[in-house]
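S.K.: Structure: input.pdb, PDB, C-alpha atoms.
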MODEL        1
ATOM      1  CA  THR A   1     -10.139  -0.425   9.615
ATOM      2  CA  LEU A   2      -6.648   0.629   8.643
ATOM      3  CA  SER A   3      -3.237  -1.008   8.369
ATOM      4  CA  TYR A   4      -4.687  -4.532   8.218
ATOM      5  CA  GLY A   5      -2.999  -4.974   4.850
ATOM      6  CA  THR A   6       0.180  -5.867   6.707
ATOM      7  CA  LEU A   7      -1.283  -8.612   8.878
ATOM      8  CA  ALA A   8      -0.503 -11.661   6.761
ATOM      9  CA  TYR A   9       3.036 -10.449   6.456
ATOM     10  CA  ILE A  10       3.435  -9.708  10.164
ATOM     11  CA  ARG A  11       2.845 -13.400  10.793
ATOM     12  CA  ARG A  12       5.847 -14.225   8.595
ATOM     13  CA  TRP A  13       8.259 -11.700  10.067
ATOM     14  CA  SER A  14       9.752 -14.123  12.568
ATOM     15  CA  ALA A  15      10.598 -16.587   9.784
ATOM     16  CA  MET A  16      12.201 -13.746   7.828
ATOM     17  CA  ARG A  17      14.120 -12.518  10.876
ATOM     18  CA  ILE A  18      12.505  -9.093  10.603
ATOM     19  CA  ASP A  19      11.806  -7.708  14.077
ATOM     20  CA  PRO A  20      10.884  -4.046  13.618
ATOM     21  CA  ALA A  21      10.519  -1.515  16.384
ATOM     22  CA  VAL A  22       6.917  -0.867  17.376
ATOM     23  CA  GLU A  23       4.979   2.185  18.510
ATOM     24  CA  THR A  24       1.728   2.706  20.364
ATOM     25  CA  VAL A  25      -0.863   4.865  18.608
ATOM     26  CA  ASN A  26      -3.540   6.181  20.979
ATOM     27  CA  GLN A  27      -5.004   9.002  18.875
ATOM     28  CA  CYS A  28      -7.627   8.190  16.243
ATOM     29  CA  ILE A  29      -6.485   9.449  12.839
ATOM     30  CA  VAL A  30     -10.063  10.112  11.743
ATOM     31  CA  CYS A  31     -11.658  12.036  14.623
ATOM     32  CA  GLN A  32      -8.491  12.866  16.615
ATOM     33  CA  THR A  33     -10.004  11.398  19.801
ATOM     34  CA  TYR A  34      -7.641   9.927  22.381
ATOM     35  CA  VAL A  35     -10.276   7.635  23.894
ATOM     36  CA  ALA A  36      -9.465   4.168  22.580
ATOM     37  CA  SER A  37      -9.945   0.737  24.075
ATOM     38  CA  THR A  38      -8.207  -2.569  23.421
ATOM     39  CA  ASP A  39     -10.222  -4.740  21.065
ATOM     40  CA  VAL A  40      -9.610  -8.317  22.196
ATOM     41  CA  ARG A  41     -12.213  -9.697  19.776
ATOM     42  CA  PHE A  42     -10.454  -8.393  16.659
ATOM     43  CA  TYR A  43      -7.082  -9.302  18.161
ATOM     44  CA  ALA A  44      -8.279 -12.911  18.330
ATOM     45  CA  LEU A  45     -10.063 -12.884  14.957
ATOM     46  CA  LEU A  46      -6.935 -11.633  13.210
ATOM     47  CA  GLY A  47      -4.685 -14.146  14.939
ATOM     48  CA  LEU A  48      -2.259 -11.512  16.168
ATOM     49  CA  THR A  49       0.607 -12.159  18.556
ATOM     50  CA  LYS A  50       2.448  -9.828  20.897
ATOM     51  CA  PRO A  51       3.579  -7.102  20.604
ATOM     52  CA  TYR A  52       0.877  -6.262  18.021
ATOM     53  CA  GLY A  53      -2.670  -5.393  18.999
ATOM     54  CA  VAL A  54      -5.914  -3.760  17.904
ATOM     55  CA  VAL A  55      -7.530  -0.720  19.490
ATOM     56  CA  HIS A  56     -10.997   0.675  18.938
ATOM     57  CA  CYS A  57     -11.969   4.357  18.909
ATOM     58  CA  THR A  58     -14.904   4.731  21.280
ATOM     59  CA  SER A  59     -15.951   7.941  19.511
ATOM     60  CA  CYS A  60     -16.117   7.104  15.768
ATOM     61  CA  GLY A  61     -15.641   3.319  15.782
ATOM     62  CA  LEU A  62     -12.397   3.101  13.774
ATOM     63  CA  ARG A  63     -10.089   0.196  14.579
ATOM     64  CA  TRP A  64      -6.351   0.159  13.959
ATOM     65  CA  LEU A  65      -3.191  -1.730  14.805
ATOM     66  CA  SER A  66      -1.533  -0.586  18.040
ATOM     67  CA  PRO A  67       1.144  -1.380  18.912
ATOM     68  CA  ARG A  68       2.257  -1.461  15.303
ATOM     69  CA  PRO A  69       5.575  -1.158  13.441
ATOM     70  CA  THR A  70       7.160   2.271  13.418
ATOM     71  CA  ARG A  71       7.496   4.177  10.147
ATOM     72  CA  ALA A  72      10.969   2.657   9.708
ATOM     73  CA  GLY A  73       9.516  -0.772  10.499
ATOM     74  CA  TYR A  74       6.945  -0.455   7.736
ATOM     75  CA  ARG A  75       9.709   0.567   5.348
ATOM     76  CA  ASP A  76      11.674  -2.552   6.321
ATOM     77  CA  LEU A  77       8.584  -4.652   5.682
ATOM     78  CA  TYR A  78       7.826  -3.347   2.211
ATOM     79  CA  THR A  79      11.428  -3.246   1.051
ATOM     80  CA  ALA A  80      12.128  -6.827   2.176
ATOM     81  CA  GLN A  81      13.201  -9.099  -0.656
ATOM     82  CA  ASN A  82      10.373 -11.547   0.000
ATOM     83  CA  TYR A  83       7.451  -9.139   0.085
ATOM     84  CA  PHE A  84       6.437  -9.905  -3.508
ATOM     85  CA  ASP A  85       8.184 -13.210  -4.111
ATOM     86  CA  GLY A  86       9.976 -16.093  -2.439
ATOM     87  CA  GLU A  87       8.881 -18.739   0.040
ATOM     88  CA  GLN A  88       7.840 -16.190   2.677
ATOM     89  CA  ALA A  89       5.900 -13.929   0.318
ATOM     90  CA  VAL A  90       2.563 -12.507   1.396
ATOM     91  CA  GLU A  91       0.994 -13.795  -1.782
ATOM     92  CA  LEU A  92       2.040 -15.057  -5.179
ATOM     93  CA  TYR A  93       1.879 -11.603  -6.660
ATOM     94  CA  SER A  94       2.783 -12.686 -10.196
ATOM     95  CA  ALA A  95      -0.467 -14.689 -10.381
ATOM     96  CA  ILE A  96      -2.485 -11.820  -8.922
ATOM     97  CA  ALA A  97      -0.869  -9.335 -11.320
ATOM     98  CA  THR A  98      -2.000 -11.405 -14.319
ATOM     99  CA  ILE A  99      -5.574 -11.435 -13.024
ATOM    100  CA  ARG A 100      -5.504  -7.670 -12.449
ATOM    101  CA  GLU A 101      -4.411  -6.753 -15.996
ATOM    102  CA  ASP A 102      -7.960  -6.546 -17.358
ATOM    103  CA  TYR A 103      -9.108  -4.759 -14.209
ATOM    104  CA  PHE A 104      -6.391  -2.127 -14.682
ATOM    105  CA  ARG A 105      -7.245  -1.799 -18.376
ATOM    106  CA  GLN A 106     -10.899  -1.146 -17.545
ATOM    107  CA  ARG A 107      -9.923   1.324 -14.832
ATOM    108  CA  ILE A 108      -7.847   3.322 -17.346
ATOM    109  CA  ILE A 109     -10.726   3.335 -19.823
ATOM    110  CA  GLY A 110     -12.938   4.678 -17.042
ATOM    111  CA  LEU A 111     -10.452   7.460 -16.325
ATOM    112  CA  GLU A 112     -10.388   8.375 -20.024
ATOM    113  CA  HIS A 113     -14.176   8.685 -20.065
ATOM    114  CA  GLN A 114     -14.174  10.826 -16.909
ATOM    115  CA  LEU A 115     -11.350  13.146 -17.924
ATOM    116  CA  GLY A 116     -11.809  13.335 -21.676
ATOM    117  CA  ASN A 117     -10.217  11.161 -24.293
ATOM    118  CA  ARG A 118      -6.788  12.752 -24.183
ATOM    119  CA  PRO A 119      -3.343  11.711 -22.980
ATOM    120  CA  LEU A 120      -3.255  11.802 -19.189
ATOM    121  CA  SER A 121      -0.418  12.342 -16.741
ATOM    122  CA  ILE A 122      -0.689   9.542 -14.154
ATOM    123  CA  LEU A 123       1.183   8.809 -10.936
ATOM    124  CA  ASP A 124       0.764   5.266  -9.574
ATOM    125  CA  VAL A 125       1.614   5.018  -5.866
ATOM    126  CA  GLY A 126       2.479   1.523  -4.710
ATOM    127  CA  ALA A 127       2.990   0.372  -8.291
ATOM    128  CA  ALA A 128       4.081  -3.162  -7.331
ATOM    129  CA  THR A 129       5.454  -4.812 -10.479
ATOM    130  CA  GLY A 130       4.144  -2.162 -12.861
ATOM    131  CA  GLU A 131       1.080  -3.689 -14.522
ATOM    132  CA  PHE A 132      -1.073  -0.563 -14.135
ATOM    133  CA  ILE A 133       1.745   1.621 -15.501
ATOM    134  CA  ARG A 134       2.211  -0.708 -18.480
ATOM    135  CA  GLU A 135      -1.500  -0.585 -19.342
ATOM    136  CA  ALA A 136      -1.543   3.224 -19.018
ATOM    137  CA  VAL A 137       1.468   3.599 -21.321
ATOM    138  CA  ARG A 138      -0.120   1.198 -23.829
ATOM    139  CA  GLY A 139      -3.149   3.497 -23.787
ATOM    140  CA  GLY A 140      -1.020   6.466 -24.803
ATOM    141  CA  HIS A 141      -0.676   8.074 -21.375
ATOM    142  CA  HIS A 142       2.369   9.391 -19.518
ATOM    143  CA  ALA A 143       2.629   7.305 -16.335
ATOM    144  CA  ILE A 144       5.227   6.869 -13.619
ATOM    145  CA  GLY A 145       5.156   4.650 -10.559
ATOM    146  CA  LEU A 146       6.444   4.727  -6.992
ATOM    147  CA  GLU A 147       7.421   1.443  -5.331
ATOM    148  CA  PHE A 148       9.492   0.681  -2.209
ATOM    149  CA  SER A 149      10.201  -2.953  -3.018
ATOM    150  CA  GLU A 150      13.459  -3.493  -4.877
ATOM    151  CA  SER A 151      12.358  -6.938  -6.053
ATOM    152  CA  ALA A 152       9.115  -5.463  -7.441
ATOM    153  CA  ARG A 153      11.015  -2.690  -9.241
ATOM    154  CA  THR A 154      13.396  -5.254 -10.693
ATOM    155  CA  THR A 155      10.473  -7.357 -11.916
ATOM    156  CA  ALA A 156       8.847  -4.274 -13.491
ATOM    157  CA  THR A 157      12.053  -3.620 -15.421
ATOM    158  CA  LYS A 158      12.520  -7.242 -16.519
ATOM    159  CA  LYS A 159       8.889  -7.940 -17.469
ATOM    160  CA  HIS A 160       7.744  -4.570 -18.769
ATOM    161  CA  GLY A 161      10.841  -2.430 -19.382
ATOM    162  CA  LEU A 162       9.666   0.046 -16.728
ATOM    163  CA  THR A 163      11.725   2.053 -14.260
ATOM    164  CA  LEU A 164       9.777   2.611 -11.049
ATOM    165  CA  LEU A 165      10.922   5.185  -8.519
ATOM    166  CA  LYS A 166      11.886   4.346  -4.940
ATOM    167  CA  THR A 167      10.457   7.602  -3.655
ATOM    168  CA  GLU A 168       8.013   8.426  -0.893
ATOM    169  CA  LEU A 169       4.860  10.245  -1.935
ATOM    170  CA  SER A 170       5.468  12.945   0.676
ATOM    171  CA  SER A 171       8.827  13.824  -0.888
ATOM    172  CA  MET A 172       7.122  14.589  -4.227
ATOM    173  CA  VAL A 173       4.666  17.160  -2.876
ATOM    174  CA  GLY A 174       4.766  20.284  -5.033
ATOM    175  CA  SER A 175       7.140  18.797  -7.599
ATOM    176  CA  GLU A 176       4.669  18.068 -10.396
ATOM    177  CA  LEU A 177       0.963  18.082 -11.192
ATOM    178  CA  TYR A 178      -0.870  14.966 -12.354
ATOM    179  CA  ASP A 179      -4.266  14.422 -13.900
ATOM    180  CA  VAL A 180      -4.611  11.229 -11.871
ATOM    181  CA  ILE A 181      -2.965   9.785  -8.775
ATOM    182  CA  HIS A 182      -3.778   6.081  -8.652
ATOM    183  CA  LEU A 183      -3.546   3.837  -5.587
ATOM    184  CA  ASN A 184      -4.687   0.223  -5.638
ATOM    185  CA  HIS A 185      -4.735  -1.604  -2.280
ATOM    186  CA  VAL A 186      -2.452   1.010  -0.734
ATOM    187  CA  PHE A 187      -4.342   3.093   1.836
ATOM    188  CA  GLU A 188      -4.845   0.152   4.201
ATOM    189  CA  HIS A 189      -1.054  -0.218   4.340
ATOM    190  CA  LEU A 190      -0.311   3.396   5.296
ATOM    191  CA  PRO A 191       0.459   4.194   8.945
ATOM    192  CA  ASP A 192      -1.192   7.597   8.389
ATOM    193  CA  PRO A 193      -3.632   7.363   5.448
ATOM    194  CA  VAL A 194      -4.948  10.872   6.103
ATOM    195  CA  ALA A 195      -1.458  12.293   5.564
ATOM    196  CA  GLY A 196      -1.204  10.153   2.412
ATOM    197  CA  LEU A 197      -4.448  11.612   1.097
ATOM    198  CA  GLN A 198      -3.250  15.142   1.889
ATOM    199  CA  ALA A 199       0.004  14.467   0.042
ATOM    200  CA  CYS A 200      -1.991  13.293  -2.999
ATOM    201  CA  ARG A 201      -4.091  16.461  -2.905
TER     202      ARG A 201
ENDMDL
END
Translate this structure into structure tokens?
M.R.:
Amino acid sequence: TLSYGTLAYIRRWSAMRIDPAVETVNQCIVCQTYVASTDVRFYALLGLTKPYGVVHCTSCGLRWLSPRPTRAGYRDLYTAQNYFDGEQAVELYSAIATIREDYFRQRIIGLEHQLGNRPLSILDVGAATGEFIREAVRGGHHAIGLEFSESARTTATKKHGLTLLKTELSSMVGSELYDVIHLNHVFEHLPDPVAGLQACR
């Protein structure tokens, strides 16, 4: 099931006065089938409110948000000041980031074993506050990160001395080759994860 990563935040949009435009998505992004039915069970389980909903592909079984925010609406969501911090934040990301440091360190060690113990060129998409980038650089690798959130980029600079790019993955296609493109808890946030995967390739 895709795009559920935004759900907790959708519930806070009214408090943040963010009211993005929505779109209806009838075509399944996996099997391209147009036969989809409203899924009232998941709508209730997820505690959604109008205009958002859940539809279910009757061919392959995928579920997704529809109606959902438009592409511009998602951008508004992830660039909002309170996405990573503040009273309306989805989660206390600073606490989560501390917990993930060892996880990121082990992930980098795993990449080194897979790709040979040599300096790697790494692109981190959805870099948040830069903890994965910091661990990669500490390991002797060249790493850059993409992040929409201004507050997250500011935190990455203050805490780790990193400059993250406010650039969409699709705009980088063909610009540079990387040994590794890393995404952690990102695909479930993408309106079109298949296009995101193609851009990575």
S.K.: So the first atom is atom CA of Arg138 of chain A and the second is atom CA of Ile96 of chain A; what is the distance between them in Å, to one decimal place?
M.R.: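 Going from atom CA of Arg138 of chain A over to atom CA of Ile96 of chain A, I get 19.9 Å.
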S.K.: Could you work out how far atom CA of Pro20 of chain A lies from atom CA of Ala127 of chain A, giving the answer in Å with one decimal?
M.R.: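 So the answer is 23.7 Å.
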S.K.: Counting only C-alpha atoms, which residue out of A:Ile29, A:Ala44, A:Leu115, A:Val22 sits closest to Pro69 of chain A?
M.R.: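 Comparing A:Ile29, A:Ala44, A:Leu115, A:Val22 against Pro69 of chain A, the winner is A:Val22.
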S.K.: Could you tell me which residues the PyMOL selection byres ((chain A and resi 120) around 8) grabs in this file, written as number ranges by chain?
M.R.: A: 112, 118-119, 121-122, 141-143, 178-180
S.K.: Counting only C-alpha atoms, which residue out of A:Gln106, A:Thr167, A:Ser175, A:Asn117 sits closest to Phe148 of chain A?
M.R.: A:Thr167
S.K.: For atom CA of Tyr78 of chain A and atom CA of Gly126 of chain A, determine how far apart the two atoms are, in Å to one decimal place.
M.R.: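 Computing the Euclidean distance for atom CA of Tyr78 of chain A and atom CA of Gly126 of chain A yields 10.0 Å.
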S.K.: Counting all atoms listed in the file, which residues in segment 139-179 of chain A sit no more than 12 Å from segment 191-197 of chain A? For each one, give the nearest pair of atoms and the distance in Å, sorted by chain then residue number, as a Markdown table.
M.R.:
| residue | atom | partner | partner_atom | distance |
| --- | --- | --- | --- | --- |
| A:Glu168 | CA | A:Gly196 | CA | 9.9 |
| A:Leu169 | CA | A:Gly196 | CA | 7.5 |
| A:Ser170 | CA | A:Gly196 | CA | 7.4 |
| A:Ser171 | CA | A:Gly196 | CA | 11.2 |
| A:Met172 | CA | A:Gly196 | CA | 11.5 |
| A:Val173 | CA | A:Gly196 | CA | 10.6 |
S.K.: Keeping only C-alpha atoms, write the selected residues as a PDB file, in the coordinates of the input.
M.R.:
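Dumped everything to selection-v2.pdb:
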ATOM      1  CA  GLU A 168       8.013   8.426  -0.893  1.00  0.00           C
ATOM      2  CA  LEU A 169       4.860  10.245  -1.935  1.00  0.00           C
ATOM      3  CA  SER A 170       5.468  12.945   0.676  1.00  0.00           C
ATOM      4  CA  SER A 171       8.827  13.824  -0.888  1.00  0.00           C
ATOM      5  CA  MET A 172       7.122  14.589  -4.227  1.00  0.00           C
ATOM      6  CA  VAL A 173       4.666  17.160  -2.876  1.00  0.00           C
TER       7      VAL A 173
END
S.K.: Residues near segment 132-134 of chain A, anyone? I mean within 9 Å using all atoms listed in the file, not counting same-chain ones fewer than 5 positions away, as a list in words.
M.R.: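 Non-adjacent residues within range: Arg100, Glu101, Phe104, Arg105, Ile108, Ile122, Leu123, Asp124, Ala127, Gly139, His142, Ala143, Ile144, Gly145, His160, Gly161 and Leu162 of chain A.
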S.K.: With all atoms listed in the file as the atoms that count, which of A:Leu46, A:Val54, A:Ala97, A:Val40 lies nearest to Val25 of chain A?
M.R.: A:Val54
